[in-house]
$ cat target.pdb   # PDB, C-alpha atoms and all ligand atoms
ATOM      1  CA  MET R 880      72.724   6.256 -60.542
ATOM      2  CA  THR R 881      72.540   6.546 -56.779
ATOM      3  CA  PHE R 882      76.260   7.311 -56.676
ATOM      4  CA  LEU R 883      75.833  10.065 -59.268
ATOM      5  CA  LEU R 884      73.011  11.605 -57.232
ATOM      6  CA  LEU R 885      75.069  11.491 -54.039
ATOM      7  CA  ALA R 886      78.098  12.953 -55.825
ATOM      8  CA  THR R 887      75.969  15.808 -57.191
ATOM      9  CA  LEU R 888      74.498  16.486 -53.742
ATOM     10  CA  LEU R 889      77.993  16.460 -52.221
ATOM     11  CA  TYR R 890      79.285  18.758 -54.970
ATOM     12  CA  PHE R 891      76.514  21.313 -54.339
ATOM     13  CA  LEU R 892      76.597  20.947 -50.556
ATOM     14  CA  PRO R 893      77.927  24.529 -50.048
ATOM     15  CA  THR R 894      75.049  25.856 -52.202
ATOM     16  CA  ILE R 895      72.518  23.745 -50.268
ATOM     17  CA  ILE R 896      73.886  24.991 -46.925
ATOM     18  CA  GLY R 897      74.051  28.613 -48.095
ATOM     19  CA  HIS R 898      70.826  28.703 -50.140
ATOM     20  CA  ASN R 899      69.032  31.051 -47.706
ATOM     21  CA  ARG R 900      72.069  33.273 -47.094
ATOM     22  CA  HIS R 901      72.314  36.910 -48.136
ATOM     23  CA  ASN R 902      74.982  36.097 -50.749
ATOM     24  CA  ALA R 903      73.565  32.747 -51.899
ATOM     25  CA  GLY R 904      74.085  33.719 -55.552
ATOM     26  CA  GLY R 905      77.798  34.242 -55.010
ATOM     27  CA  ILE R 906      78.136  30.954 -53.152
ATOM     28  CA  PHE R 907      76.280  29.163 -55.967
ATOM     29  CA  LEU R 908      78.481  30.710 -58.679
ATOM     30  CA  LEU R 909      81.682  29.895 -56.793
ATOM     31  CA  ASN R 910      80.403  26.366 -56.146
ATOM     32  CA  LEU R 911      79.404  25.882 -59.797
ATOM     33  CA  LEU R 912      82.481  27.424 -61.468
ATOM     34  CA  LEU R 913      85.281  26.533 -59.040
ATOM     35  CA  GLY R 914      83.752  23.631 -57.120
ATOM     36  CA  TRP R 915      85.565  21.067 -59.309
ATOM     37  CA  THR R 916      88.822  22.370 -57.862
ATOM     38  CA  VAL R 917      88.980  21.198 -54.272
ATOM     39  CA  VAL R 918      90.140  24.659 -53.140
ATOM     40  CA  GLY R 919      87.118  26.387 -54.711
ATOM     41  CA  TRP R 920      84.770  23.900 -53.109
ATOM     42  CA  VAL R 921      86.336  24.412 -49.667
ATOM     43  CA  ILE R 922      86.146  28.225 -50.025
ATOM     44  CA  ALA R 923      82.455  27.965 -51.039
ATOM     45  CA  MET R 924      81.844  25.685 -48.051
ATOM     46  CA  VAL R 925      83.557  28.085 -45.621
ATOM     47  CA  TRP R 926      81.679  31.017 -47.175
ATOM     48  CA  ALA R 927      78.338  29.213 -46.841
ATOM     49  CA  CYS R 928      79.030  28.424 -43.184
ATOM     50  CA  SER R 929      80.413  31.842 -42.246
ATOM     51  CA  ALA R 930      77.923  34.029 -44.152
ATOM     52  CA  GLU R 931      75.208  33.810 -41.501
ATOM     53  CA  THR R 932      77.472  34.803 -38.616
ATOM     54  CA  ARG R 933      78.815  37.839 -40.497
ATOM     55  CA  LEU R 934      75.478  39.168 -41.736
ATOM     56  CA  PRO R 935      73.964  40.348 -38.406
ATOM     57  CA  VAL R 936      77.202  42.218 -37.595
ATOM     58  CA  VAL R 937      76.991  44.144 -40.876
ATOM     59  CA  VAL R 938      73.297  44.921 -40.316
ATOM     60  CA  VAL R 939      73.847  46.074 -36.733
ATOM     61  CA  ALA R 940      76.940  48.147 -37.534
ATOM     62  CA  GLY R 941      75.151  49.982 -40.386
ATOM     63  CA  PRO R 942      72.477  52.237 -38.863
ATOM     64  CA  GLY R 943      73.456  52.300 -35.157
ATOM     65  CA  ARG R 944      76.185  54.146 -33.278
ATOM     66  CA  PHE R 945      78.633  52.699 -30.812
ATOM     67  CA  CYS R 946      79.331  54.585 -27.598
ATOM     68  CA  THR R 947      82.986  55.615 -27.246
ATOM     69  CA  GLN R 948      82.681  55.464 -23.466
ATOM     70  CA  CYS R 949      81.149  52.033 -22.803
ATOM     71  CA  GLY R 950      80.992  50.508 -26.314
ATOM     72  CA  SER R 951      77.275  49.711 -26.261
ATOM     73  CA  LEU R 952      75.131  50.201 -29.363
ATOM     74  CA  SER R 953      72.544  52.981 -29.563
ATOM     75  CA  GLY R 954      69.756  53.460 -32.123
ATOM     76  CA  PRO R 955      70.261  55.198 -35.501
ATOM     77  CA  GLY R 956      68.913  58.584 -34.371
ATOM     78  CA  ALA R 957      70.216  58.456 -30.808
ATOM     79  CA  ARG R 958      72.357  61.367 -29.616
ATOM     80  CA  TYR R 959      73.004  60.030 -26.135
ATOM     81  CA  CYS R 960      74.118  56.554 -25.105
ATOM     82  CA  SER R 961      71.282  54.403 -23.777
ATOM     83  CA  ALA R 962      73.615  52.645 -21.334
ATOM     84  CA  CYS R 963      75.788  55.402 -19.794
ATOM     85  CA  GLY R 964      74.119  58.622 -21.041
ATOM     86  CA  ARG R 965      77.207  60.011 -22.755
ATOM     87  CA  LEU R 966      76.906  61.963 -26.035
ATOM     88  CA  VAL R 967      77.636  59.624 -28.957
TER      89      VAL R 967
HETATM   90 ZN    ZN Z1001      77.784  54.476 -23.257
END

$ encode --input "target.pdb" --output "structure tokens"
Amino acid sequence: MTFLLLATLLYFLPTIIGHNRHNAGGIFLLNLLLGWTVVGWVIAMVWACSAETRLPVVVVAGPGRFCTQCGSLSGPGARYCSACGRLV
């Protein structure tokens, strides 16, 4: 019984790790449907671990503008770069 519980926990480890991620539903579905194949489980695990590092990049890159001169990020409505003053 203890072994079965541990095996279940291990099987759903990617879901447990990624439960508070933006795409937790996708991780859960991949884990549930393809987790029995080792490849599917590994992909779900990698996805669960990498989702958090990718999310802030997507959020930041959405509304803001990057300066072509110095590469720093300005606010959504900014016309001039906050770092070097160039028009963005
Ligand atoms: Zn700049």

$ residues_around --input "target.pdb" --residues "Val921 (chain R)" --least-positions-apart "6" --cutoff "12 Å" --atoms "all atoms listed in the file" --output "VMD selection string"
chain R and resid 889 to 894 906 909 to 910 913 to 915 927 to 928

$ write_last_selection --input "target.pdb" --atoms "C-alpha atoms" --output "short mmCIF file (atom, residue, chain, number, x, y, z; two decimals), in the coordinates of the input"
data_model
loop_
_atom_site.label_atom_id
_atom_site.label_comp_id
_atom_site.auth_asym_id
_atom_site.auth_seq_id
_atom_site.Cartn_x
_atom_site.Cartn_y
_atom_site.Cartn_z
CA LEU R 889 77.99 16.46 -52.22
CA TYR R 890 79.28 18.76 -54.97
CA PHE R 891 76.51 21.31 -54.34
CA LEU R 892 76.60 20.95 -50.56
CA PRO R 893 77.93 24.53 -50.05
CA THR R 894 75.05 25.86 -52.20
CA ILE R 906 78.14 30.95 -53.15
CA LEU R 909 81.68 29.90 -56.79
CA ASN R 910 80.40 26.37 -56.15
CA LEU R 913 85.28 26.53 -59.04
CA GLY R 914 83.75 23.63 -57.12
CA TRP R 915 85.56 21.07 -59.31
CA ALA R 927 78.34 29.21 -46.84
CA CYS R 928 79.03 28.42 -43.18
#

$ residues_around --input "target.pdb" --residues "Leu966 (chain R)" --least-positions-apart "2" --cutoff "10 Å" --atoms "all atoms listed in the file" --output "PDB file with C-alpha atoms, keeping the file's coordinate frame"
ATOM      1  CA  CYS R 946      79.331  54.585 -27.598  1.00  0.00           C
ATOM      2  CA  THR R 947      82.986  55.615 -27.246  1.00  0.00           C
ATOM      3  CA  GLN R 948      82.681  55.464 -23.466  1.00  0.00           C
ATOM      4  CA  ALA R 957      70.216  58.456 -30.808  1.00  0.00           C
ATOM      5  CA  ARG R 958      72.357  61.367 -29.616  1.00  0.00           C
ATOM      6  CA  TYR R 959      73.004  60.030 -26.135  1.00  0.00           C
ATOM      7  CA  CYS R 960      74.118  56.554 -25.105  1.00  0.00           C
ATOM      8  CA  SER R 961      71.282  54.403 -23.777  1.00  0.00           C
ATOM      9  CA  CYS R 963      75.788  55.402 -19.794  1.00  0.00           C
ATOM     10  CA  GLY R 964      74.119  58.622 -21.041  1.00  0.00           C
TER      11      GLY R 964
END

$ closest_residue --input "target.pdb" --among "R:Ile896, R:Phe945, R:Ala886, R:Val967" --to "Val925 (chain R)" --atoms "only C-alpha atoms"
R:Ile896

$ closest_residue --input "target.pdb" --among "R:His901, R:Leu883, R:Leu912, R:Leu888" --to "Ser929 (chain R)" --atoms "only C-alpha atoms"
R:His901

$ atom_distance --input "target.pdb" --atom1 "CA of His898 (chain R)" --atom2 "CA of Val917 (chain R)"
20.1 Å

$ decode --input "target.pdb" --residues "chain R" --atoms "C-alpha atoms" --output "compact mmCIF listing (two decimals), in the first residue's frame"
# COMPACT_ATOMS: atom_id res chain seq x y z
CA MET R 880 0.00 0.00 0.00
CA THR R 881 2.84 2.34 0.88
CA PHE R 882 4.60 1.38 -2.34
CA LEU R 883 1.47 2.15 -4.36
CA LEU R 884 1.18 5.56 -2.71
CA LEU R 885 4.84 6.35 -3.39
CA ALA R 886 4.52 5.16 -6.99
CA THR R 887 1.46 7.39 -7.50
CA LEU R 888 3.27 10.37 -5.98
CA LEU R 889 6.29 9.71 -8.20
CA TYR R 890 4.06 9.34 -11.26
CA PHE R 891 2.36 12.70 -10.61
CA LEU R 892 5.55 14.46 -9.52
CA PRO R 893 5.56 16.77 -12.60
CA THR R 894 1.95 17.78 -11.80
CA ILE R 895 2.84 18.36 -8.13
CA ILE R 896 5.84 20.51 -9.10
CA GLY R 897 3.89 22.43 -11.75
CA HIS R 898 0.57 22.74 -9.90
CA ASN R 899 0.88 26.53 -9.41
CA ARG R 900 2.26 27.19 -12.91
CA HIS R 901 0.45 29.16 -15.59
CA ASN R 902 -0.02 26.03 -17.72
CA ALA R 903 -0.66 23.57 -14.88
CA GLY R 904 -3.62 22.06 -16.76
CA GLY R 905 -1.43 21.17 -19.73
CA ILE R 906 1.23 19.66 -17.49
CA PHE R 907 -1.44 17.61 -15.69
CA LEU R 908 -2.95 16.33 -18.96
CA LEU R 909 0.45 15.41 -20.38
CA ASN R 910 1.38 13.74 -17.08
CA LEU R 911 -1.91 11.83 -16.94
CA LEU R 912 -2.14 10.74 -20.60
CA LEU R 913 1.52 10.24 -21.54
CA GLY R 914 3.15 9.82 -18.13
CA TRP R 915 3.11 6.00 -18.44
CA THR R 916 5.55 6.36 -21.32
CA VAL R 917 8.87 7.40 -19.84
CA VAL R 918 9.32 10.04 -22.56
CA GLY R 919 5.98 11.71 -21.76
CA TRP R 920 6.81 11.77 -18.08
CA VAL R 921 10.22 13.35 -18.72
CA ILE R 922 8.68 16.00 -21.02
CA ALA R 923 6.05 16.82 -18.35
CA MET R 924 8.83 17.05 -15.75
CA VAL R 925 10.93 19.39 -17.92
CA TRP R 926 7.83 21.46 -18.71
CA ALA R 927 6.92 21.74 -15.02
CA CYS R 928 10.45 22.87 -14.15
CA SER R 929 10.88 25.28 -17.06
CA ALA R 930 7.41 26.88 -17.02
CA GLU R 931 8.20 29.30 -14.21
CA THR R 932 11.38 30.64 -15.81
CA ARG R 933 9.64 31.25 -19.15
CA LEU R 934 6.53 32.95 -17.78
CA PRO R 935 8.06 36.26 -16.56
CA VAL R 936 9.81 36.69 -19.94
CA VAL R 937 6.49 36.39 -21.77
CA VAL R 938 4.80 38.81 -19.36
CA VAL R 939 7.61 41.37 -19.60
CA ALA R 940 7.93 41.13 -23.39
CA GLY R 941 4.17 41.67 -23.89
CA PRO R 942 3.33 45.26 -22.91
CA GLY R 943 6.79 46.91 -22.77
CA ARG R 944 9.14 48.12 -25.49
CA PHE R 945 12.82 47.38 -25.82
CA CYS R 946 15.18 50.20 -26.71
CA THR R 947 17.03 49.60 -29.99
CA GLN R 948 19.95 51.68 -28.74
CA CYS R 949 20.74 50.20 -25.32
CA GLY R 950 18.30 47.25 -25.12
CA SER R 951 16.67 48.26 -21.84
CA LEU R 952 12.93 47.83 -21.30
CA SER R 953 10.60 50.83 -21.14
CA GLY R 954 6.97 50.96 -19.98
CA PRO R 955 3.99 50.17 -22.26
CA GLY R 956 3.18 53.81 -23.07
CA ALA R 957 6.74 55.11 -23.09
CA ARG R 958 7.92 56.96 -26.19
CA TYR R 959 11.45 57.62 -24.99
CA CYS R 960 13.90 55.19 -23.43
CA SER R 961 14.16 55.54 -19.65
CA ALA R 962 17.85 54.62 -19.71
CA CYS R 963 19.37 56.54 -22.66
CA GLY R 964 16.54 58.90 -23.71
CA ARG R 965 16.33 57.67 -27.29
CA LEU R 966 12.95 57.43 -29.08
CA VAL R 967 11.69 53.83 -28.90
